[in-house]
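Enquirer: What follows is input_3.cif, made up of mmCIF, C-alpha atoms:
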```
data_my_file
#
loop_
_atom_site.label_atom_id
_atom_site.label_comp_id
_atom_site.auth_asym_id
_atom_site.auth_seq_id
_atom_site.Cartn_x
_atom_site.Cartn_y
_atom_site.Cartn_z
CA MET C 1 29.36 -15.66 -23.70
CA THR C 2 30.91 -18.67 -25.40
CA ALA C 3 31.55 -18.89 -29.11
CA LYS C 4 32.38 -21.72 -31.47
CA GLN C 5 32.62 -21.57 -35.21
CA ASN C 6 29.21 -20.35 -36.42
CA GLN C 7 27.68 -20.84 -32.95
CA LEU C 8 27.16 -18.45 -30.07
CA GLU C 9 25.92 -19.09 -26.52
CA ILE C 10 24.73 -16.07 -24.51
CA THR C 11 22.86 -15.40 -21.30
CA LYS C 12 19.17 -15.48 -22.14
CA PRO C 13 18.16 -11.93 -23.13
CA ASP C 14 15.52 -9.56 -21.77
CA ASP C 15 13.41 -6.92 -23.49
CA TRP C 16 13.44 -3.65 -21.56
CA HIS C 17 10.65 -1.97 -23.56
CA LEU C 18 7.73 -4.00 -24.89
CA HIS C 19 4.10 -3.47 -25.90
CA ILE C 20 1.84 -6.53 -25.84
CA ARG C 21 -1.55 -4.79 -25.82
CA ASP C 22 -4.47 -6.73 -24.35
CA SER C 23 -7.03 -9.46 -25.03
CA GLU C 24 -6.60 -11.56 -28.17
CA ILE C 25 -3.71 -9.56 -29.59
CA MET C 26 -1.78 -10.03 -26.34
CA LYS C 27 -2.24 -13.79 -26.48
CA ALA C 28 -1.08 -13.85 -30.10
CA VAL C 29 2.06 -11.73 -29.68
CA LEU C 30 3.34 -12.96 -26.30
CA PRO C 31 5.06 -16.09 -27.73
CA ALA C 32 7.06 -13.88 -30.08
CA THR C 33 8.87 -12.50 -27.04
CA TYR C 34 9.07 -15.41 -24.64
CA ARG C 35 10.64 -17.67 -27.25
CA TRP C 36 13.88 -15.74 -26.63
CA ALA C 37 13.38 -13.43 -23.62
CA ALA C 38 13.20 -14.31 -19.94
CA ARG C 39 11.80 -10.95 -18.81
CA ALA C 40 10.28 -7.85 -20.35
CA ILE C 41 9.32 -4.39 -19.17
CA ILE C 42 5.69 -4.08 -20.23
CA MET C 43 4.38 -0.70 -21.34
CA PRO C 44 1.21 0.66 -19.66
CA ASN C 45 -0.43 2.64 -22.49
CA LEU C 46 -3.52 0.48 -22.83
CA VAL C 47 -7.12 1.68 -23.10
CA PRO C 48 -7.70 2.37 -20.24
CA PRO C 49 -4.07 2.84 -19.12
CA ILE C 50 -2.36 1.11 -16.19
CA LEU C 51 -2.56 3.93 -13.65
CA THR C 52 -2.40 2.27 -10.23
CA GLY C 53 -0.84 -0.66 -8.47
CA ALA C 54 -4.21 -2.41 -8.57
CA ASP C 55 -4.33 -1.93 -12.36
CA ALA C 56 -0.82 -3.36 -12.70
CA ARG C 57 -1.63 -6.37 -10.54
CA SER C 58 -4.69 -7.11 -12.68
CA TYR C 59 -2.76 -6.71 -15.95
CA ALA C 60 0.03 -8.97 -14.70
CA SER C 61 -2.54 -11.66 -13.96
CA LYS C 62 -3.91 -11.40 -17.50
CA ILE C 63 -0.42 -11.65 -18.98
CA LYS C 64 0.50 -14.69 -16.92
CA GLY C 65 -2.77 -16.31 -18.00
CA GLY C 66 -1.64 -15.95 -21.62
CA ILE C 67 1.72 -17.67 -21.15
CA GLU C 68 1.97 -21.27 -22.28
CA SER C 69 2.30 -23.83 -19.50
CA GLY C 70 5.91 -24.65 -18.71
CA VAL C 71 7.29 -21.39 -20.12
CA GLU C 72 9.34 -19.30 -17.69
CA PHE C 73 8.74 -15.66 -18.54
CA GLU C 74 8.45 -12.75 -16.12
CA PRO C 75 6.46 -9.66 -17.13
CA LEU C 76 7.75 -6.56 -15.34
CA LEU C 77 4.93 -4.06 -14.98
CA THR C 78 5.01 -0.26 -15.16
CA LEU C 79 2.63 2.55 -14.24
CA TYR C 80 1.47 5.29 -16.59
CA LEU C 81 2.43 8.70 -15.16
CA THR C 82 -0.32 11.34 -15.25
CA GLN C 83 -0.85 14.73 -13.64
CA ASP C 84 -2.93 12.89 -11.00
CA THR C 85 -0.45 10.14 -10.13
CA GLN C 86 -0.17 9.60 -6.37
CA ALA C 87 3.33 9.10 -5.01
CA ASP C 88 2.13 6.86 -2.18
CA ASP C 89 0.63 4.36 -4.63
CA VAL C 90 3.74 4.39 -6.81
CA VAL C 91 6.11 3.78 -3.93
CA ALA C 92 3.92 1.11 -2.35
CA SER C 93 3.49 -0.69 -5.70
CA TYR C 94 7.24 -0.70 -6.23
CA GLN C 95 8.10 -1.83 -2.74
CA GLN C 96 5.53 -4.64 -2.98
CA GLY C 97 7.11 -5.86 -6.21
CA ILE C 98 4.03 -5.11 -8.33
CA ILE C 99 5.88 -2.70 -10.65
CA LYS C 100 9.48 -2.12 -11.70
CA ALA C 101 9.21 1.43 -13.08
CA VAL C 102 6.98 4.34 -14.04
CA LYS C 103 6.51 5.52 -17.64
CA LEU C 104 6.35 9.17 -18.68
CA TYR C 105 4.52 9.90 -21.92
CA PRO C 106 4.26 13.55 -22.90
CA ALA C 107 0.56 13.99 -23.71
CA GLY C 108 0.02 13.30 -27.41
CA ALA C 109 3.51 11.94 -28.10
CA THR C 110 2.54 8.45 -29.29
CA THR C 111 -0.14 5.74 -29.26
CA ASN C 112 -2.61 6.10 -26.37
CA SER C 113 -0.64 8.94 -24.79
CA HIS C 114 -3.47 11.46 -24.52
CA ASN C 115 -3.62 10.87 -20.75
CA GLY C 116 0.06 11.67 -20.41
CA VAL C 117 2.00 14.49 -18.78
CA THR C 118 1.26 18.10 -19.68
CA ASP C 119 3.32 19.88 -16.99
CA ILE C 120 6.26 17.88 -15.65
CA LYS C 121 7.26 20.51 -13.10
CA LYS C 122 4.02 19.96 -11.22
CA LEU C 123 5.08 16.31 -10.89
CA TYR C 124 8.48 17.06 -9.38
CA PRO C 125 7.19 16.15 -5.87
CA VAL C 126 6.11 12.71 -7.13
CA LEU C 127 9.39 12.25 -8.97
CA ALA C 128 11.32 13.29 -5.86
CA GLU C 129 9.66 10.48 -3.89
CA MET C 130 10.47 8.09 -6.72
CA SER C 131 14.08 9.25 -6.53
CA ASP C 132 14.19 8.61 -2.80
CA ALA C 133 12.78 5.10 -3.35
CA ALA C 134 15.14 4.41 -6.31
CA ILE C 135 12.20 3.82 -8.69
CA PRO C 136 13.22 4.15 -12.36
CA LEU C 137 11.47 6.69 -14.57
CA LEU C 138 11.15 5.57 -18.18
CA ILE C 139 10.82 8.51 -20.54
CA HIS C 140 9.38 8.81 -24.03
CA GLY C 141 11.66 11.73 -24.78
CA GLU C 142 9.86 13.93 -27.27
CA VAL C 143 8.22 17.32 -26.99
CA THR C 144 4.77 17.63 -28.55
CA ASP C 145 4.75 21.31 -29.44
CA PRO C 146 3.29 21.38 -32.99
CA GLU C 147 5.74 24.12 -33.93
CA ILE C 148 8.69 21.74 -33.37
CA ASP C 149 9.61 19.63 -36.40
CA ILE C 150 8.87 15.95 -35.75
CA PHE C 151 12.47 15.02 -36.53
CA ASP C 152 13.75 17.47 -33.87
CA ARG C 153 11.44 16.59 -31.00
CA GLU C 154 13.87 14.29 -29.20
CA ALA C 155 16.73 16.77 -29.24
CA VAL C 156 14.46 19.57 -28.04
CA PHE C 157 13.11 17.36 -25.24
CA ILE C 158 16.62 16.83 -23.90
CA GLU C 159 17.25 20.56 -23.79
CA GLN C 160 13.88 21.75 -22.52
CA ILE C 161 12.70 18.92 -20.26
CA LEU C 162 15.37 16.37 -19.43
CA GLN C 163 18.27 18.63 -18.52
CA PRO C 164 16.21 20.76 -16.07
CA LEU C 165 14.72 17.58 -14.56
CA ARG C 166 18.14 16.06 -13.94
CA ARG C 167 19.44 19.30 -12.43
CA GLU C 168 16.47 19.29 -10.04
CA LEU C 169 16.62 15.56 -9.23
CA PRO C 170 20.13 14.26 -10.02
CA ASN C 171 19.58 10.98 -8.17
CA LEU C 172 16.43 10.03 -10.07
CA ARG C 173 17.16 6.89 -12.09
CA ILE C 174 16.08 7.51 -15.69
CA VAL C 175 15.90 5.44 -18.85
CA MET C 176 15.69 7.38 -22.09
CA GLU C 177 13.48 5.04 -24.05
CA HIS C 178 14.04 4.11 -27.71
CA ILE C 179 16.59 6.84 -28.42
CA THR C 180 16.87 7.81 -32.07
CA THR C 181 19.36 10.66 -32.38
CA LYS C 182 23.05 11.39 -32.05
CA GLN C 183 22.09 14.09 -29.53
CA ALA C 184 20.47 11.48 -27.27
CA ALA C 185 23.38 9.06 -27.58
CA SER C 186 25.86 11.83 -26.85
CA TYR C 187 23.84 13.02 -23.86
CA VAL C 188 23.89 9.55 -22.30
CA LEU C 189 27.61 9.15 -23.00
CA ASN C 190 28.37 12.44 -21.24
CA GLU C 191 26.37 11.59 -18.12
CA SER C 192 28.10 9.55 -15.43
CA GLN C 193 25.28 8.17 -13.29
CA ASN C 194 21.60 7.26 -12.99
CA LEU C 195 20.96 7.33 -16.73
CA GLY C 196 20.53 4.58 -19.28
CA ALA C 197 18.96 4.26 -22.71
CA THR C 198 17.16 1.60 -24.70
CA ILE C 199 17.66 1.25 -28.45
CA THR C 200 15.36 -0.63 -30.81
CA PRO C 201 16.35 -3.01 -33.60
CA HIS C 202 14.52 -0.93 -36.20
CA HIS C 203 16.27 2.31 -35.27
CA LEU C 204 19.62 0.51 -35.44
CA ILE C 205 18.96 -0.96 -38.88
CA LEU C 206 16.90 1.59 -40.79
CA ASN C 207 16.87 5.29 -41.51
CA ARG C 208 13.96 7.43 -42.65
CA ASN C 209 14.60 6.79 -46.35
CA VAL C 210 13.13 3.31 -46.09
CA MET C 211 9.88 4.77 -44.82
CA LEU C 212 9.59 7.72 -47.18
CA SER C 213 11.74 7.24 -50.29
CA GLY C 214 9.86 6.27 -53.45
CA ALA C 215 6.74 5.30 -51.52
CA ILE C 216 5.23 5.63 -48.07
CA ARG C 217 5.71 2.38 -46.16
CA PRO C 218 3.34 2.45 -43.18
CA HIS C 219 4.77 -0.63 -41.46
CA TYR C 220 7.97 1.36 -40.80
CA TYR C 221 6.09 4.28 -39.30
CA CYS C 222 6.89 4.51 -35.60
CA LEU C 223 7.26 7.10 -32.87
CA PRO C 224 9.86 8.32 -32.30
CA ILE C 225 10.08 8.42 -36.06
CA LEU C 226 13.03 6.99 -38.01
CA LYS C 227 15.78 9.57 -38.44
CA ARG C 228 18.49 10.34 -41.00
CA GLU C 229 21.55 8.13 -41.50
CA THR C 230 23.91 10.19 -39.33
CA HIS C 231 21.68 9.46 -36.33
CA ARG C 232 21.47 5.75 -37.10
CA LEU C 233 25.25 5.54 -37.20
CA ALA C 234 25.46 7.21 -33.78
CA LEU C 235 23.06 4.60 -32.38
CA ILE C 236 25.12 1.82 -33.95
CA ASP C 237 28.23 3.15 -32.25
CA ALA C 238 26.47 3.37 -28.88
CA ALA C 239 24.95 -0.11 -29.05
CA THR C 240 27.91 -2.09 -30.36
CA LYS C 241 30.85 -0.68 -28.33
CA GLY C 242 29.95 -2.46 -25.07
CA ASP C 243 28.90 0.63 -23.10
CA LYS C 244 26.73 -0.54 -20.18
CA ARG C 245 24.43 2.48 -20.38
CA PHE C 246 22.81 1.16 -23.58
CA PHE C 247 20.60 -1.92 -23.75
CA LEU C 248 17.89 -3.57 -25.80
CA GLY C 249 14.33 -2.33 -25.73
CA THR C 250 12.56 -3.56 -28.84
CA ASP C 251 9.61 -1.16 -28.51
CA SER C 252 7.78 -3.91 -30.38
CA ALA C 253 4.33 -2.38 -30.84
CA PRO C 254 1.82 -4.56 -32.68
CA HIS C 255 -1.10 -3.07 -34.58
CA LEU C 256 -3.54 -4.89 -36.82
CA ASP C 257 -2.84 -4.20 -40.48
CA GLY C 258 -6.15 -2.38 -40.81
CA ALA C 259 -4.98 0.14 -38.21
CA LYS C 260 -1.58 0.61 -39.87
CA ILE C 261 -2.85 0.98 -43.43
CA ASP C 262 -5.39 3.69 -42.79
CA VAL C 263 -6.02 7.39 -43.37
CA CYS C 264 -4.61 7.89 -39.85
CA GLY C 265 -2.27 4.92 -39.54
CA CYS C 266 -1.02 3.91 -36.10
CA ALA C 267 2.62 4.26 -35.11
CA GLY C 268 4.43 1.07 -34.21
CA VAL C 269 6.72 -1.68 -35.50
CA PHE C 270 6.12 -5.32 -34.54
CA ASN C 271 9.68 -6.64 -34.35
CA ALA C 272 9.58 -9.04 -31.38
CA THR C 273 9.49 -12.30 -33.30
CA PHE C 274 13.04 -12.34 -34.67
CA ALA C 275 14.64 -9.49 -32.71
CA VAL C 276 17.58 -11.51 -31.41
CA GLU C 277 18.39 -13.16 -34.73
CA ILE C 278 18.27 -9.80 -36.50
CA LEU C 279 20.52 -8.17 -33.92
CA ALA C 280 22.98 -11.06 -34.05
CA GLN C 281 23.25 -10.55 -37.80
CA LEU C 282 23.69 -6.80 -37.42
CA PHE C 283 26.40 -7.16 -34.75
CA ASP C 284 28.08 -9.86 -36.88
CA ASN C 285 28.04 -7.59 -39.93
CA LEU C 286 29.75 -4.92 -37.84
CA GLY C 287 32.32 -7.25 -36.30
CA ALA C 288 30.82 -6.71 -32.84
CA LEU C 289 29.42 -10.13 -31.90
CA ASN C 290 31.50 -10.09 -28.72
CA ASN C 291 29.33 -7.19 -27.47
CA LEU C 292 25.95 -8.68 -28.38
CA GLU C 293 25.44 -10.41 -25.02
CA GLY C 294 26.02 -7.21 -23.09
CA PHE C 295 23.50 -5.28 -25.15
CA VAL C 296 20.71 -7.88 -25.15
CA SER C 297 21.31 -9.75 -21.87
CA LEU C 298 23.44 -7.94 -19.29
CA HIS C 299 23.36 -4.15 -19.38
CA GLY C 300 19.63 -3.80 -18.75
CA ALA C 301 19.73 -6.18 -15.82
CA ASP C 302 22.60 -4.13 -14.37
CA PHE C 303 20.62 -0.90 -14.67
CA TYR C 304 17.52 -2.40 -13.05
CA GLU C 305 19.72 -4.06 -10.39
CA LEU C 306 18.39 -7.51 -11.24
CA PRO C 307 20.32 -10.79 -11.47
CA TYR C 308 21.37 -12.10 -14.85
CA ASN C 309 19.20 -14.88 -16.22
CA LYS C 310 20.58 -18.31 -15.42
CA GLU C 311 19.31 -19.88 -18.65
CA LYS C 312 21.40 -19.66 -21.81
CA LEU C 313 20.36 -19.06 -25.40
CA THR C 314 22.29 -20.63 -28.27
CA LEU C 315 22.37 -19.14 -31.75
CA PHE C 316 23.93 -20.66 -34.84
CA LYS C 317 24.82 -19.19 -38.19
CA SER C 318 23.18 -21.12 -41.01
CA ASP C 319 24.30 -21.37 -44.62
CA THR C 320 20.81 -20.31 -45.66
CA THR C 321 18.86 -17.22 -44.75
CA LEU C 322 16.29 -17.28 -41.99
CA GLU C 323 12.77 -17.62 -43.34
CA MET C 324 10.64 -14.95 -41.70
CA PRO C 325 6.89 -14.97 -42.29
CA LYS C 326 5.39 -11.70 -43.40
CA THR C 327 2.42 -11.70 -41.03
CA LEU C 328 1.15 -13.04 -37.74
CA GLN C 329 -2.44 -14.20 -37.91
CA THR C 330 -4.68 -13.38 -34.95
CA GLU C 331 -8.38 -13.84 -34.31
CA ASP C 332 -8.82 -10.10 -34.91
CA GLY C 333 -6.78 -9.90 -38.12
CA ASN C 334 -3.20 -9.94 -39.40
CA ILE C 335 -0.19 -8.12 -37.93
CA THR C 336 2.74 -7.47 -40.26
CA LEU C 337 6.14 -8.53 -38.94
CA PHE C 338 9.18 -6.28 -39.13
CA ASP C 339 11.25 -6.80 -42.28
CA PRO C 340 14.89 -5.78 -41.64
CA ARG C 341 15.58 -5.56 -45.38
CA MET C 342 18.81 -7.51 -45.04
CA PRO C 343 19.63 -11.22 -45.15
CA VAL C 344 19.66 -12.86 -41.70
CA TYR C 345 21.65 -16.08 -41.25
CA TRP C 346 21.67 -16.33 -37.46
CA GLN C 347 18.99 -18.53 -35.88
CA ILE C 348 18.06 -19.69 -32.40
CA LEU C 349 19.02 -23.30 -31.78
CA LYS C 350 15.85 -25.12 -30.75
#
```
Using structure tokens, write down the structure from this file.
Expert:
Amino acid sequence: MTAKQNQLEITKPDDWHLHIRDSEIMKAVLPATYRWAARAIIMPNLVPPILTGADARSYASKIKGGIESGVEFEPLLTLYLTQDTQADDVVASYQQGIIKAVKLYPAGATTNSHNGVTDIKKLYPVLAEMSDAAIPLLIHGEVTDPEIDIFDREAVFIEQILQPLRRELPNLRIVMEHITTKQAASYVLNESQNLGATITPHHLILNRNVMLSGAIRPHYYCLPILKRETHRLALIDAATKGDKRFFLGTDSAPHLDGAKIDVCGCAGVFNATFAVEILAQLFDNLGALNNLEGFVSLHGADFYELPYNKEKLTLFKSDTTLEMPKTLQTEDGNITLFDPRMPVYWQILK
């Protein structure tokens, strides 16, 4: 990282947790990411989901067909773990370079997760083969027991699911995706190996008040849900102190406005467009700009054992606030962009 007055040059970032959907929405949202990211881990919870290496190869082809000519952007595919996942296909897909990881959704935890895992212990043999092959497991870490309060589901998952899994398979490489609680941050900090965590811009910037206080604001509804301020502060501390176990995963999850503003509104925040500028402002506000490059560009590559991007990204701090449009227009309808509810002065130098 090099810094001049009001200017910052960093290794080009990556996004280690991204939803781009399919078809026309995918084509519309892809540029929001590849304007600043060189690579992204792509989530597999489509309809139908990406279950096999053949599915991942086909999806990768679609993604690459939606990338503008001359743009260098590498989609890193994942498989959707189910009770029927075959270890041979997972290992072969990884060794052939088709996928970079496998995603565990507890059944019913989030959008398009109904095909997810219902009994993780029955999958221990598959996970053991993944451990032997050094294949990362990406975990949406929430229990789905209706008796557990939605704000406690991450903490309960750590106790009931994650800790027994790591005792059984200590060498399995795991990413706790989009952590939202001080319990999750503390758990990662107290583990010495084979564990990382992604953190989203919206969980770093907002607490649950913005979603629920005074009015219900559906465009801030996401899963895992926004938590109270004490949890946000724990995430801030984890992300900005330079600890290599924490790295950027936007969990940018676009939904058409009609699906968000509905009697059963979808969970997801579309934050990809200005994620880096927003994070630069946040780190600047906290006096932590020197640790921005690690969080957005280096730590994730280290965990996935990939080289750093050779290209650089330059940001500058303007005297005027960044103008962020409210919506992205697609052929299927509008998608509302994430509003960080704070002034942003940092911009990407074209």
Enquirer: Output the residue selection produced by the PyMOL selection byres ((chain C and resi 154) around 12) on the file above, formatted as a short mmCIF file (atom, residue, chain, number, x, y, z; two decimals) with C-alpha atoms, in the frame of the given file.
Expert:
```cif
data_model
loop_
_atom_site.label_atom_id
_atom_site.label_comp_id
_atom_site.auth_asym_id
_atom_site.auth_seq_id
_atom_site.Cartn_x
_atom_site.Cartn_y
_atom_site.Cartn_z
CA PRO C 106 4.26 13.55 -22.90
CA ALA C 109 3.51 11.94 -28.10
CA ILE C 139 10.82 8.51 -20.54
CA HIS C 140 9.38 8.81 -24.03
CA GLY C 141 11.66 11.73 -24.78
CA GLU C 142 9.86 13.93 -27.27
CA VAL C 143 8.22 17.32 -26.99
CA THR C 144 4.77 17.63 -28.55
CA ASP C 145 4.75 21.31 -29.44
CA ILE C 148 8.69 21.74 -33.37
CA ASP C 149 9.61 19.63 -36.40
CA ILE C 150 8.87 15.95 -35.75
CA PHE C 151 12.47 15.02 -36.53
CA ASP C 152 13.75 17.47 -33.87
CA ARG C 153 11.44 16.59 -31.00
CA ALA C 155 16.73 16.77 -29.24
CA VAL C 156 14.46 19.57 -28.04
CA PHE C 157 13.11 17.36 -25.24
CA ILE C 158 16.62 16.83 -23.90
CA GLU C 159 17.25 20.56 -23.79
CA GLN C 160 13.88 21.75 -22.52
CA ILE C 161 12.70 18.92 -20.26
CA LEU C 162 15.37 16.37 -19.43
CA MET C 176 15.69 7.38 -22.09
CA GLU C 177 13.48 5.04 -24.05
CA HIS C 178 14.04 4.11 -27.71
CA ILE C 179 16.59 6.84 -28.42
CA THR C 180 16.87 7.81 -32.07
CA THR C 181 19.36 10.66 -32.38
CA LYS C 182 23.05 11.39 -32.05
CA GLN C 183 22.09 14.09 -29.53
CA ALA C 184 20.47 11.48 -27.27
CA ALA C 185 23.38 9.06 -27.58
CA TYR C 187 23.84 13.02 -23.86
CA LEU C 223 7.26 7.10 -32.87
CA PRO C 224 9.86 8.32 -32.30
CA ILE C 225 10.08 8.42 -36.06
CA LEU C 226 13.03 6.99 -38.01
CA LYS C 227 15.78 9.57 -38.44
CA HIS C 231 21.68 9.46 -36.33
#
```
Enquirer: With all atoms listed in the file counted and 12 Å as the cut-off, give the residues of stretch 251-277 of chain C in contact with stretch 42-60 of chain C, each with its shortest interatomic distance in Å and the pair that gives it, as JSON lines.
Expert:
```
{"residue": "C:Asp251", "atom": "CA", "partner": "C:Met43", "partner_atom": "CA", "distance": 8.9}
{"residue": "C:Ser252", "atom": "CA", "partner": "C:Met43", "partner_atom": "CA", "distance": 10.2}
{"residue": "C:Ala253", "atom": "CA", "partner": "C:Met43", "partner_atom": "CA", "distance": 9.6}
```
Enquirer: Pick the closest to C:Cys222 from C:Glu277, C:Thr78, C:Ala87, C:Phe270: which is it, counting all atoms listed in the file?
Expert: C:Phe270
Enquirer: Nearest to C:Arg232: which of C:Lys62, C:His299, C:His202, C:Lys12 is it, counting only C-alpha atoms?
Expert: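 Among C:Lys62, C:His299, C:His202, C:Lys12, it is C:His202 that comes nearest to C:Arg232.
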Enquirer: C:Gln163, C:Thr11, C:Gln193, C:Ser61: which is nearest C:Glu74, counting all atoms listed in the file?
Expert: C:Ser61
Enquirer: Contacts of C:Leu313 at 9 Å or less, counting all atoms listed in the file, minus same-chain residues fewer than 6 places along, as a PyMOL selection string?
Expert: chain C and resi 8-13+36+348-349
Enquirer: Where does stretch 39-113 of chain C meet stretch 21-28 of chain C within 8 Å, residue by residue, with the nearest atom pair and distance in Å to one decimal for each, counting all atoms listed in the file, listed by chain and rising number, as a Markdown table?
Expert:
```
| residue | atom | partner | partner_atom | distance |
| --- | --- | --- | --- | --- |
| C:Leu46 | CA | C:Arg21 | CA | 6.4 |
| C:Ile63 | CA | C:Met26 | CA | 7.7 |
| C:Gly66 | CA | C:Lys27 | CA | 5.4 |
| C:Ile67 | CA | C:Lys27 | CA | 7.7 |
```
Enquirer: What would the list of residues within 9 Å of (21.8, 2.3, -36.9) (file frame) look like as a list in words, if all atoms listed in the file are what count?
Expert: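 The answer, in the requested form, is Thr180, Pro201, His202, His203, Leu204, Ile205, Leu206, Asn207, Glu229, Thr230, His231, Arg232, Leu233, Ala234, Leu235, Ile236, Asp237 and Ala239 of chain C.
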Enquirer: Just give me the gap between atom CA of C:Leu172 and atom CA of C:Trp16 in Å, one decimal is fine.
Expert: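 Rounded to one decimal, the two atoms are 18.1 Å apart.
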Enquirer: Could you write out as a PyMOL selection string the residues that the PyMOL selection byres ((chain C and resi 166-170) around 12) matches in the shown file?
Expert: chain C and resi 120-121+123-132+134+137+158-165+171-175+187+191-195
Enquirer: Save out the residues we just selected, C-alpha atoms, as a compact mmCIF listing (two decimals), keeping the file's coordinate frame.
Expert:
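Everything below was put into again_6.txt:
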```txt
# COMPACT_ATOMS: atom_id res chain seq x y z
CA ILE C 120 6.26 17.88 -15.65
CA LYS C 121 7.26 20.51 -13.10
CA LEU C 123 5.08 16.31 -10.89
CA TYR C 124 8.48 17.06 -9.38
CA PRO C 125 7.19 16.15 -5.87
CA VAL C 126 6.11 12.71 -7.13
CA LEU C 127 9.39 12.25 -8.97
CA ALA C 128 11.32 13.29 -5.86
CA GLU C 129 9.66 10.48 -3.89
CA MET C 130 10.47 8.09 -6.72
CA SER C 131 14.08 9.25 -6.53
CA ASP C 132 14.19 8.61 -2.80
CA ALA C 134 15.14 4.41 -6.31
CA LEU C 137 11.47 6.69 -14.57
CA ILE C 158 16.62 16.83 -23.90
CA GLU C 159 17.25 20.56 -23.79
CA GLN C 160 13.88 21.75 -22.52
CA ILE C 161 12.70 18.92 -20.26
CA LEU C 162 15.37 16.37 -19.43
CA GLN C 163 18.27 18.63 -18.52
CA PRO C 164 16.21 20.76 -16.07
CA LEU C 165 14.72 17.58 -14.56
CA ASN C 171 19.58 10.98 -8.17
CA LEU C 172 16.43 10.03 -10.07
CA ARG C 173 17.16 6.89 -12.09
CA ILE C 174 16.08 7.51 -15.69
CA VAL C 175 15.90 5.44 -18.85
CA TYR C 187 23.84 13.02 -23.86
CA GLU C 191 26.37 11.59 -18.12
CA SER C 192 28.10 9.55 -15.43
CA GLN C 193 25.28 8.17 -13.29
CA ASN C 194 21.60 7.26 -12.99
CA LEU C 195 20.96 7.33 -16.73
```
Enquirer: Using Å and a single decimal, report how far atom CA of C:Lys312 sits from atom CA of C:Ile135.
Expert: 28.4 Å
Enquirer: Could you tell me which of C:Ala197, C:Val276, C:Ala301, C:Leu81 comes closest to C:Ser113 if we count only C-alpha atoms?
Expert: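 Distance minimum relative to C:Ser113 lands on C:Leu81.
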Enquirer: Here is a test: counting all atoms listed in the file, which residue of C:Lys64, C:Lys244, C:His19, C:Lys317 is nearest to C:Asn271?
Expert: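 Among the listed residues, the smallest separation from C:Asn271 belongs to C:His19.
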Enquirer: Check what the PyMOL selection byres ((chain C and resi 327-334) around 7) selects in the file above and give those residues as a list in words.
Expert: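 With the PyMOL selection byres ((chain C and resi 327-334) around 7) on this model, the match is Glu24, Ile25, Ala28, Leu256, Asp257, Pro325, Lys326, Ile335, Thr336 and Leu337 of chain C.
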Enquirer: For atom CA of C:Ser93 and atom CA of C:Gly294, determine how far apart the two atoms are, in Å to one decimal place.
Expert: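 If I compute the distance from atom CA of C:Ser93 to atom CA of C:Gly294, I get 29.2 Å.
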Enquirer: My list of candidates is C:Pro31, C:Ala272, C:Glu68, C:Ala238. Which is closest to C:Val188 when distances are computed with only C-alpha atoms?
Expert: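 Counting only C-alpha atoms, the residue closest to C:Val188 is C:Ala238.
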Enquirer: If you count all atoms listed in the file, which residues fall within 7 Å of C:Ala107, apart from same-chain ones fewer than 6 positions away, as a CSV table (one decimal) with C-alpha atoms, in the coordinates of the input?
Expert:
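Generated file (selection.csv):
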```csv
chain,number,residue,atom,x,y,z
C,113,SER,CA,-0.6,8.9,-24.8
C,114,HIS,CA,-3.5,11.5,-24.5
C,115,ASN,CA,-3.6,10.9,-20.8
C,116,GLY,CA,0.1,11.7,-20.4
C,117,VAL,CA,2.0,14.5,-18.8
C,118,THR,CA,1.3,18.1,-19.7
```
